[in-house]
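Notes to accompany the following structure.
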Amino acid sequence: MDNSGRSLISLEDFDSNDILELLRQAAMFEAESYRNTLEGKIVATLFFEPSTRTRLSFETAVNRLGGRVIGFSDAATTSSSKGETLKDTIMMVSNYADLIVMRHYLEGAAKYAGEISPVPIINAGDGANQHPSQTMLDLYSIQKTQGHLDNLNIFLVGDLKYGRTVHSMLTAMRFFNPTFHFVSPEELMMPAEYKDFCKANDIKYVEHFDFNEEIIADADILYMTRVQRERFTDLMEYERVKNLFILRNDMLRNTKPNLRILHPLPRVNEIAQDVDSNPKAYYFQQAKNGIYVREALICNALNLL
Amino acid sequence: MSKKKKKSELLVAALENGTVIDHIPSDKVFDVVNLLNLTGITSPITIGANLSSHKMGSKGIIKIADRFFSEDECSKLSVIAPNIVLNSIKNYEVVEKKAISMPDEVRGIVKCCNPKCITNNEPMQTVFHIVDKKNGTLRCRYCGKDVAKDKIILL
């Protein structure tokens with residue numbers, strides 16, 4: 001058995017060719033999602049922090065490829081709750097599995113695991129740091145709905161301060177000449193370091209502290225995120241803005257025909273239920289795309305493509 | 001050079017053989033002591049702090065008899081004080097004047113400022129890349145957070 005694959009920790013080292021190649025592979029898996037590529041392989045899903053969607057999506061991908069899954073979905077049931085180091089857990093599990101898919105609450109955990117593990121690691125999210133499979137499925141969804149990734153008007157709405165997915169989107173889209181619109185309450189505006197990143201990479205952006213029909217009229221992609229109560233230091237401010245960043249179906253009347261609405265999920269109330277039946281709503285298909293992207297990532301990590 | 005050192009303003013004893021670490025910011029003197037593990041040395045050491053300096057206003061000097069430092073040991077110091085100069089003394093003469101060069105990365109010296117970084121929660125070595133040599137900014141290899149020069153905490 002050959003375990004000398006490649007870990008996927010972050011997309012930071014990916015260039016535009018790497019990204020486009022991965023998207024091409026994901027499309028291949030969409031065309032034929034059920035295969036025997038992983039027959040005889042065992043994939044461990046180590047979720048030190050619960051994440052239902054991501055875990056089920058990875059496990060579905062493994063199952064569709066004919067592999068087997070071991071793992072846990074909550075660190076409370078494992079030896080790490082007894083004080084076992086991450087290193088020991090990784091060394092132990094790498095005796096059992098050909099590939100480790102890991103979600104961890106600490107930042108940099110995946111990078112460290114990738115350095116010590118004899119088998120490849122796929123980062124399924126490490127704290128507020130990186131979540132490359134989410135970013136790739138976002139890009140896949142954008143490409144699939146728009147036909148390409150170039151020169152798009154992308155509106156990022158909601159919590160732009162803490163939202164990991166919106167930060168990764170800036171990094172991954174830097175090759176494709178996007179224009180970003182940052183739409184958020186002032187308290188959750190895009191942090192200066194990411195705006196500096198945009199300036200350094202010649203990425204155009206516009207900031208808005210209001211959310212309405214006029215602002216989104218020329219959007220190609222509306223990427224919604226949740227404004228979370230616990231993020232606010234001033235709860236009066238939260239009460240004031242909590243209903244201002246909700247997308248309602250009537251706001252979509254004058255939007256472009258190619259507009260699609262994305263959301264990393266879970267949604268709470270930031271997209272009204274009446275949007276779900278609008279053909280521009282794409283968040284459930286977006287989650288489905290995650291399976292194809294993860295099939296591609298898993299096969300890449302195991303050198304099976 | 002040696003004549004200049006022997007000026008009357010010299011506040012600490014002259015050294016026959018060893019190293020004089022000069023131009024240490026006064027508040028970093030004991031960081032240098034720790035980084036170079038000087039507490040474990042048995043030969044004579046003179047530590048001076050808050051000495052007047054034309055260049056720096058106030059500076060520290062450390063003189064260590066019969067001890068010389070490798071490039072590696074010196075480069076560690078760049079993290080806390082990039083302008084330090086190490087003078088190697090042989091027979092009361094300065095035989096070498098070493099300015100410190102900033103390495104590309106530092107291992108096991110600096111603590112990550114991010115409490116949620118894996119390095120603060122796992123028994124492992126920290127690694128920082130020096131992303132801005134001019135301003136001395138470090139970036140954690142693991143969590144990616146930057147640490148500005150004036151925010152550096154040593155392990």
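Letters A, B, ... mark the chains of the structure tokens in the order given; residue numbers begin at 1 per chain; ligand numbers begin at 1, in order shown.
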Using only C-alpha atoms and a cut-off of 10 Å, which residues of chain B sit close to chain A? Please list them as a ChimeraX atom specification. /B:114-124,140-145
Write the selection just made, keeping C-alpha atoms, as a PDB file, in the first residue's frame?
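As a result, part-v4.pdb now contains:
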ATOM      1  CA  ASN B 114      -2.279  33.511  19.784  1.00  0.00           C
ATOM      2  CA  PRO B 115      -3.684  31.518  22.729  1.00  0.00           C
ATOM      3  CA  LYS B 116      -5.555  29.282  20.266  1.00  0.00           C
ATOM      4  CA  CYS B 117      -2.391  28.375  18.370  1.00  0.00           C
ATOM      5  CA  ILE B 118      -1.439  24.705  18.485  1.00  0.00           C
ATOM      6  CA  THR B 119       2.044  25.636  19.715  1.00  0.00           C
ATOM      7  CA  ASN B 120       0.558  26.953  22.975  1.00  0.00           C
ATOM      8  CA  ASN B 121      -1.384  23.761  23.570  1.00  0.00           C
ATOM      9  CA  GLU B 122       0.880  20.921  22.470  1.00  0.00           C
ATOM     10  CA  PRO B 123       4.392  20.009  23.678  1.00  0.00           C
ATOM     11  CA  MET B 124       6.182  21.144  20.509  1.00  0.00           C
ATOM     12  CA  CYS B 140       3.977  31.790  13.230  1.00  0.00           C
ATOM     13  CA  ARG B 141       4.529  28.805  10.958  1.00  0.00           C
ATOM     14  CA  TYR B 142       1.442  27.104  12.402  1.00  0.00           C
ATOM     15  CA  CYS B 143      -1.378  29.586  12.972  1.00  0.00           C
ATOM     16  CA  GLY B 144      -0.049  32.266  10.599  1.00  0.00           C
ATOM     17  CA  LYS B 145      -0.423  35.132  13.084  1.00  0.00           C
TER      18      LYS B 145
END
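Here atom CA of A:Leu160 and atom CA of A:Leu188 stand 5.6 Å from one another.
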I want to know what sits within 7 Å of A:Arg248, based on only C-alpha atoms, with residues of the same chain fewer than 4 positions away left out; could you give that as a list in words? Ile271, Ala272, Asp274 and Val275 of chain A
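The nearest approach to B:Ser88 among the residues B:Val147, B:Val110, B:Leu51, B:Ala65, with only C-alpha atoms taken into account, belongs to B:Ala65.
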One decimal, in Å: what's the spacing between atom CA of A:Glu230 and atom CA of A:Ile246?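 Those two atoms sit 17.5 Å apart.
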Could you give me, as JSON lines, every stretch 126-162 of chain A residue with an atom at most 12 Å from stretch 172-177 of chain A, plus its closest atom pair and distance in Å to one decimal, counting only C-alpha atoms, rows ordered by chain then number?
{"residue": "A:Gln130", "atom": "CA", "partner": "A:Ala172", "partner_atom": "CA", "distance": 11.7}
{"residue": "A:His131", "atom": "CA", "partner": "A:Ala172", "partner_atom": "CA", "distance": 11.7}
{"residue": "A:Pro132", "atom": "CA", "partner": "A:Ala172", "partner_atom": "CA", "distance": 9.5}
{"residue": "A:Ser133", "atom": "CA", "partner": "A:Ala172", "partner_atom": "CA", "distance": 11.7}
{"residue": "A:Gln134", "atom": "CA", "partner": "A:Ala172", "partner_atom": "CA", "distance": 11.3}
{"residue": "A:Thr135", "atom": "CA", "partner": "A:Ala172", "partner_atom": "CA", "distance": 7.5}
{"residue": "A:Met136", "atom": "CA", "partner": "A:Ala172", "partner_atom": "CA", "distance": 8.4}
{"residue": "A:Leu137", "atom": "CA", "partner": "A:Ala172", "partner_atom": "CA", "distance": 11.4}
{"residue": "A:Asp138", "atom": "CA", "partner": "A:Ala172", "partner_atom": "CA", "distance": 10.0}
{"residue": "A:Leu139", "atom": "CA", "partner": "A:Met173", "partner_atom": "CA", "distance": 8.1}
{"residue": "A:Tyr140", "atom": "CA", "partner": "A:Ala172", "partner_atom": "CA", "distance": 11.5}
{"residue": "A:Ile142", "atom": "CA", "partner": "A:Met173", "partner_atom": "CA", "distance": 10.5}
{"residue": "A:Gln143", "atom": "CA", "partner": "A:Phe176", "partner_atom": "CA", "distance": 11.1}
{"residue": "A:His148", "atom": "CA", "partner": "A:Phe176", "partner_atom": "CA", "distance": 9.3}
{"residue": "A:Leu149", "atom": "CA", "partner": "A:Phe176", "partner_atom": "CA", "distance": 6.1}
{"residue": "A:Asp150", "atom": "CA", "partner": "A:Phe176", "partner_atom": "CA", "distance": 4.7}
{"residue": "A:Asn151", "atom": "CA", "partner": "A:Asn177", "partner_atom": "CA", "distance": 5.0}
{"residue": "A:Leu152", "atom": "CA", "partner": "A:Asn177", "partner_atom": "CA", "distance": 7.4}
{"residue": "A:Asn153", "atom": "CA", "partner": "A:Asn177", "partner_atom": "CA", "distance": 9.5}
{"residue": "A:Ile154", "atom": "CA", "partner": "A:Met173", "partner_atom": "CA", "distance": 9.9}
Enter the distance from atom CA of A:Pro178 to atom CA of A:Gly290, in Å, rounded to one decimal. 22.3 Å
Write out as a PyMOL selection string the set of residues from chain B that DSSP, computed on the backbone, places in helix (DSSP H, G or I). chain B and resi 2-5+26-35+38-40+71-77+118-120+149-151
Include C-alpha atoms and write out the residues we just selected as a compact mmCIF listing (two decimals), in the first residue's frame.
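File selection32.txt, as written:
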# COMPACT_ATOMS: atom_id res chain seq x y z
CA SER B 2 41.08 48.93 21.08
CA LYS B 3 42.38 52.40 21.96
CA LYS B 4 38.91 53.79 21.67
CA LYS B 5 37.62 51.13 24.04
CA SER B 26 18.83 48.60 28.30
CA ASP B 27 15.53 46.80 28.81
CA LYS B 28 16.76 43.75 26.83
CA VAL B 29 19.93 43.02 28.81
CA PHE B 30 18.43 40.15 30.76
CA ASP B 31 16.72 38.73 27.67
CA VAL B 32 20.19 38.43 26.15
CA VAL B 33 21.42 36.73 29.34
CA ASN B 34 18.62 34.19 29.03
CA LEU B 35 18.85 33.62 25.27
CA LEU B 38 24.71 32.91 30.40
CA THR B 39 23.44 31.79 33.79
CA GLY B 40 25.06 28.43 33.17
CA GLU B 71 26.63 32.47 14.22
CA ASP B 72 23.62 30.43 15.30
CA GLU B 73 23.74 31.66 18.86
CA CYS B 74 24.18 35.24 17.69
CA SER B 75 21.32 35.14 15.23
CA LYS B 76 18.91 34.28 18.05
CA LEU B 77 19.59 37.72 19.48
CA ILE B 118 -1.44 24.71 18.48
CA THR B 119 2.04 25.64 19.72
CA ASN B 120 0.56 26.95 22.98
CA LYS B 149 8.93 43.24 17.15
CA ASP B 150 7.74 45.11 20.23
CA LYS B 151 5.21 42.38 21.06
Counting only C-alpha atoms, what are the residues of stretch 143-252 of chain A within 9 Å of stretch 277-285 of chain A, and for each of them which pair of atoms is the nearest and at what distance in Å, to one decimal? Sort the table by chain and rising number, as a Markdown table.
| residue | atom | partner | partner_atom | distance |
| --- | --- | --- | --- | --- |
| A:Thr145 | CA | A:Tyr282 | CA | 8.8 |
| A:Asn249 | CA | A:Asn278 | CA | 7.3 |
| A:Leu252 | CA | A:Lys280 | CA | 8.5 |
Selection to disk with C-alpha atoms, as a JSON list (two decimals), in the first residue's frame:
[["chain", "number", "residue", "atom", "x", "y", "z"],
["A", 145, "THR", "CA", -23.03, 28.80, -11.86],
["A", 249, "ASN", "CA", -37.00, 37.33, -1.71],
["A", 252, "LEU", "CA", -33.99, 39.92, -5.58]]
I'd like the contact shell of A:Lys199 - 12 Å cut-off, only C-alpha atoms, skipping same-chain residues fewer than 4 positions apart - returned as a list of chain:residue names.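 What passes the distance filter is A:Leu170, A:Arg174, A:Thr179, A:Phe180, A:Ala192, A:Glu193, A:Tyr194, A:Lys195, A:Ile203, A:Lys204, A:Tyr205, A:Val206.
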Report as an NGL selection string: the residues of stretch 39-154 of chain B with a DSSP assignment of strand (DSSP E), based on the backbone of this structure. :B and (45-53 or 57-65 or 85-90 or 93-99 or 105-107 or 110-111 or 127-132 or 137-140 or 146-147 or 153-154)
